[in-house]
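Structure first, then comments.
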Amino acid sequence: MPKPNVYLFPQWKDNYGYLIKNPHASEGILVDPCDLDMCLKILELNDCKASHILLTHHHDDHIAAVSDIKKKFNSTIVGYVKDTQIPSPDISVQQDEVFELLGHKYHLIHTPGHTLQHVNYFMPDHNILFSGDTLFNAGCGRMFEGNPEIFWESLSKIKELPGDTKIYCGHEYTLANINFALSIDPKNENLIKLSKWASHREKEHRPTIPTTLSEQLLSNPFLRCDSDYFLKHYNCQNPVDVFAKMRSEKDSF
Ligand SMILES: [Zn+2]
């Protein structure tokens, strides 16, 4: 099966939704739809209907349009079996389950931290990750329900994916994330480079998504909690303590 196209589209204030569609296909998969008008627009632009809806977590800005889309297209909702707050899935997926949709494999990775039942979807044949509000470009999601230990463990799972994995996340928070990252890691050349690029993209009103895992490993401070630099910076013995300090610092930045 050839590589699917992933179409990014803006939703509400700073959310991103995605349409995954095979070339020339008449149906596609929507990821985290909240803005009905924008969802209908991206489907119309690509001349397809939403056969499936993939959900990363239960927050309103990731699920608000699900019932309307399902009503219109009779879409199949796919979600994590343990997330009881998402709109009731037609296909409930287990942790680490690999399943197939429209000819492509998806691996469900449980990534608690932002919420306890948050999941990511990884496409192992194409190295594409839908990271929801777990990992952002140059940052990570707020820790609403988890604790530093499980959030760091979730990020560690993502760190193990192939370096060329393309990461499609739930929000455009990149510039704000970079401002914080530079405040704690000002001499990081990769971060400085990313900062220049992201500012340029903003001026052109273009998204900074997707990013790649290898780029994030070099520039995203939340993936570098186990680096010598941050262990020393926060005077900690382990990455979990670094993550705890970094996350709370970012919350009040
Ligand atoms: Zn969220």
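By order in the structure tokens, chains are A, B, ...; within a chain, residues start at 1; ligands start at 1, following the order shown.
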When the cut-off is 9 Å and you count only C-alpha atoms and all ligand atoms, which residues lie near ligand 1, shown as a compact mmCIF listing (two decimals) with N, CA and C atoms, in the first residue's frame?
```
# COMPACT_ATOMS: atom_id res chain seq x y z
N THR A 56 -7.43 10.64 20.29
CA THR A 56 -6.28 10.49 21.20
C THR A 56 -6.68 10.63 22.67
N HIS A 57 -7.65 11.50 22.95
CA HIS A 57 -8.09 11.66 24.35
C HIS A 57 -9.40 12.43 24.40
N HIS A 58 -9.95 12.54 25.60
CA HIS A 58 -11.35 12.96 25.73
C HIS A 58 -11.59 14.46 25.83
N HIS A 59 -10.56 15.31 25.75
CA HIS A 59 -10.83 16.75 25.87
C HIS A 59 -11.69 17.25 24.72
N ASP A 60 -12.53 18.23 25.06
CA ASP A 60 -13.50 18.76 24.11
C ASP A 60 -12.86 19.23 22.80
N ASP A 61 -11.68 19.83 22.90
CA ASP A 61 -11.04 20.34 21.68
C ASP A 61 -10.40 19.22 20.85
N HIS A 62 -10.75 17.98 21.14
CA HIS A 62 -10.31 16.85 20.32
C HIS A 62 -11.48 15.96 19.89
N HIS A 114 -0.92 13.74 30.15
CA HIS A 114 -1.85 14.86 29.91
C HIS A 114 -3.22 14.47 30.44
N THR A 115 -3.71 13.31 30.01
CA THR A 115 -4.81 12.62 30.69
C THR A 115 -4.29 11.21 30.99
N HIS A 118 -4.72 8.87 27.78
CA HIS A 118 -4.27 9.44 26.51
C HIS A 118 -3.52 8.38 25.70
N GLY A 132 -1.31 13.73 19.60
CA GLY A 132 -2.32 14.41 20.42
C GLY A 132 -1.70 15.49 21.27
N ASP A 133 -2.02 15.47 22.58
CA ASP A 133 -1.45 16.46 23.50
C ASP A 133 -0.38 15.83 24.40
N THR A 134 0.28 14.78 23.92
CA THR A 134 1.40 14.21 24.68
C THR A 134 2.67 14.97 24.35
N GLY A 141 2.45 18.21 26.55
CA GLY A 141 1.17 18.64 27.07
C GLY A 141 1.22 18.95 28.56
N ARG A 142 0.23 19.71 29.02
CA ARG A 142 0.12 19.95 30.46
C ARG A 142 -0.23 18.66 31.18
N PHE A 144 -2.40 17.28 33.31
CA PHE A 144 -3.68 17.46 34.00
C PHE A 144 -4.00 16.30 34.94
N GLY A 170 -1.38 17.86 18.43
CA GLY A 170 -2.71 18.44 18.54
C GLY A 170 -2.81 19.95 18.54
```
Check: Excluding same-chain residues fewer than 5 positions from Arg224 (chain A), what lies within 12 Å of it counting only C-alpha atoms, as a PyMOL selection string?
Finding: chain A and resi 138-140+152+155-156+159+181+184-185+188+214-219+229-233+238-240+242-243+246
Next item on the list: Show which residues sit within 9 Å of Asn22 (chain A), as number ranges by chain. Count only C-alpha atoms, and ignore same-chain residues fewer than 3 positions away.
Entry: A: 1-6, 25-28, 102-103
Once DSSP has gone over the backbone, tell me which residues of region 40-108 of chain A are in alpha helix (DSSP H), as a CSV table (one decimal) with C-alpha atoms, in the first residue's frame.
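Written file, states-v3.csv:
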```csv
chain,number,residue,atom,x,y,z
A,40,LEU,CA,-16.3,19.3,6.3
A,41,LYS,CA,-14.1,21.7,4.4
A,42,ILE,CA,-11.0,19.4,4.4
A,43,LEU,CA,-13.2,16.5,3.4
A,44,GLU,CA,-14.7,18.5,0.6
A,45,LEU,CA,-11.4,19.8,-0.6
A,60,ASP,CA,-13.5,18.8,24.1
A,61,ASP,CA,-11.0,20.3,21.7
A,62,HIS,CA,-10.3,16.8,20.3
A,63,ILE,CA,-13.8,15.3,20.2
A,66,VAL,CA,-17.3,13.5,16.5
A,67,SER,CA,-21.1,13.0,16.9
A,68,ASP,CA,-22.0,15.3,14.0
A,69,ILE,CA,-19.4,13.7,11.7
A,70,LYS,CA,-20.6,10.2,12.7
A,71,LYS,CA,-24.2,11.3,12.0
A,72,LYS,CA,-23.3,12.6,8.6
A,73,PHE,CA,-20.9,9.9,7.3
```
Notebook entry, point to check: Pick from A:Glu153, A:Ala65, A:Leu116, A:Ser195: nearest to Lys82 (chain A), with only C-alpha atoms counted?
Noted result: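 So, comparing all the options, the nearest one is A:Leu116.
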Check: If we count only C-alpha atoms, what is near Asp241 (chain A) at a cut-off of 10 Å, once residues fewer than 4 positions away on the same chain are taken out, given as number ranges by chain?
Finding: A: 148-149, 152, 225-226, 231, 234-237, 245-247
Take the residues from that selection and put them in a file with C-alpha atoms, as an mmCIF file, in the first residue's frame.
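part-v9.cif, freshly written:
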```
data_model
loop_
_atom_site.group_PDB
_atom_site.id
_atom_site.type_symbol
_atom_site.label_atom_id
_atom_site.label_comp_id
_atom_site.auth_asym_id
_atom_site.auth_seq_id
_atom_site.Cartn_x
_atom_site.Cartn_y
_atom_site.Cartn_z
ATOM 1 C CA PRO A 148 5.936 13.092 36.411
ATOM 2 C CA GLU A 149 6.822 9.409 36.539
ATOM 3 C CA TRP A 152 8.255 10.680 31.528
ATOM 4 C CA CYS A 225 15.215 15.217 30.831
ATOM 5 C CA ASP A 226 17.758 12.377 30.913
ATOM 6 C CA LEU A 231 20.383 16.640 35.165
ATOM 7 C CA TYR A 234 18.146 21.077 37.732
ATOM 8 C CA ASN A 235 20.589 19.416 40.096
ATOM 9 C CA CYS A 236 18.717 16.088 39.920
ATOM 10 C CA GLN A 237 19.755 12.440 40.028
ATOM 11 C CA LYS A 245 10.784 20.615 37.793
ATOM 12 C CA MET A 246 10.731 21.460 34.098
ATOM 13 C CA ARG A 247 6.976 20.874 33.753
#
```
Next item on the list: as a ChimeraX atom specification, list the residues of region 8-248 of chain A assigned to strand (DSSP E) by DSSP on the backbone atoms of this structure.
Entry: /A:8-11,15-21,27-31,49-54,76-80,91-93,98-101,104-110,119-123,128-132,135-136,139-140,166-169,211-212
Check: Could you pull the residues within 7 Å of Leu129 (chain A), counting only C-alpha atoms, minus those fewer than 5 positions along the same chain, as a list in words?
Finding: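 So, after excluding close chain neighbours, the residues are Asn120, Tyr121, Phe122, Met123, Thr165, Lys166, Ile167 and Tyr168 of chain A.
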Margin query: Restricting the calculation to only C-alpha atoms: of A:Leu108, A:Ala50, A:Cys34, A:Leu223, which residue gets closest to Asp14 (chain A)?
Written below: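 Residue with the minimum atom-to-atom distance to Asp14 (chain A): A:Cys34.
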Check: Pick from A:Met143, A:Ile150, A:Met38, A:Ala64: nearest to His110 (chain A), with only C-alpha atoms counted?
Finding: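 Smallest separation from His110 (chain A) among the options: A:Ile150.
The space between CA of Asn177 (chain A) and CA of Phe136 (chain A) spans 8.3 Å.
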Next item on the list: Using only C-alpha atoms, find the one residue out of A:Lys13, A:Lys250, A:His52, A:His107 that sits nearest to Ala176 (chain A).
Entry: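 Checking each candidate against Ala176 (chain A), we get A:Lys250 as the closest.
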Check: Rounded to one decimal in Å, what is the spacing between CA of Asn190 (chain A) and CA of Tyr173 (chain A)?
Finding: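 Between CA of Asn190 (chain A) and CA of Tyr173 (chain A) the gap works out to 17.8 Å.
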Next item on the list: Point out the residue among A:Ile77, A:Ile91, A:Glu172, A:Gln85 with the least atom-to-atom distance to Gln11 (chain A), counting only C-alpha atoms.
Entry: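 Closest candidate: A:Glu172.
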Notebook entry, point to check: Hey, can you check how far CA of Thr111 (chain A) sits from CA of Ser154 (chain A)?
Noted result: 4.5 Å
Next item on the list: Identify, on the basis of only C-alpha atoms, every residue whose closest approach to Gly79 (chain A) does not exceed 8 Å; exclude the query and any residue fewer than 6 positions from it along the same chain; express the result as an MDAnalysis selection string.
Entry: chainID A and resid 54:56 86 89 91:93
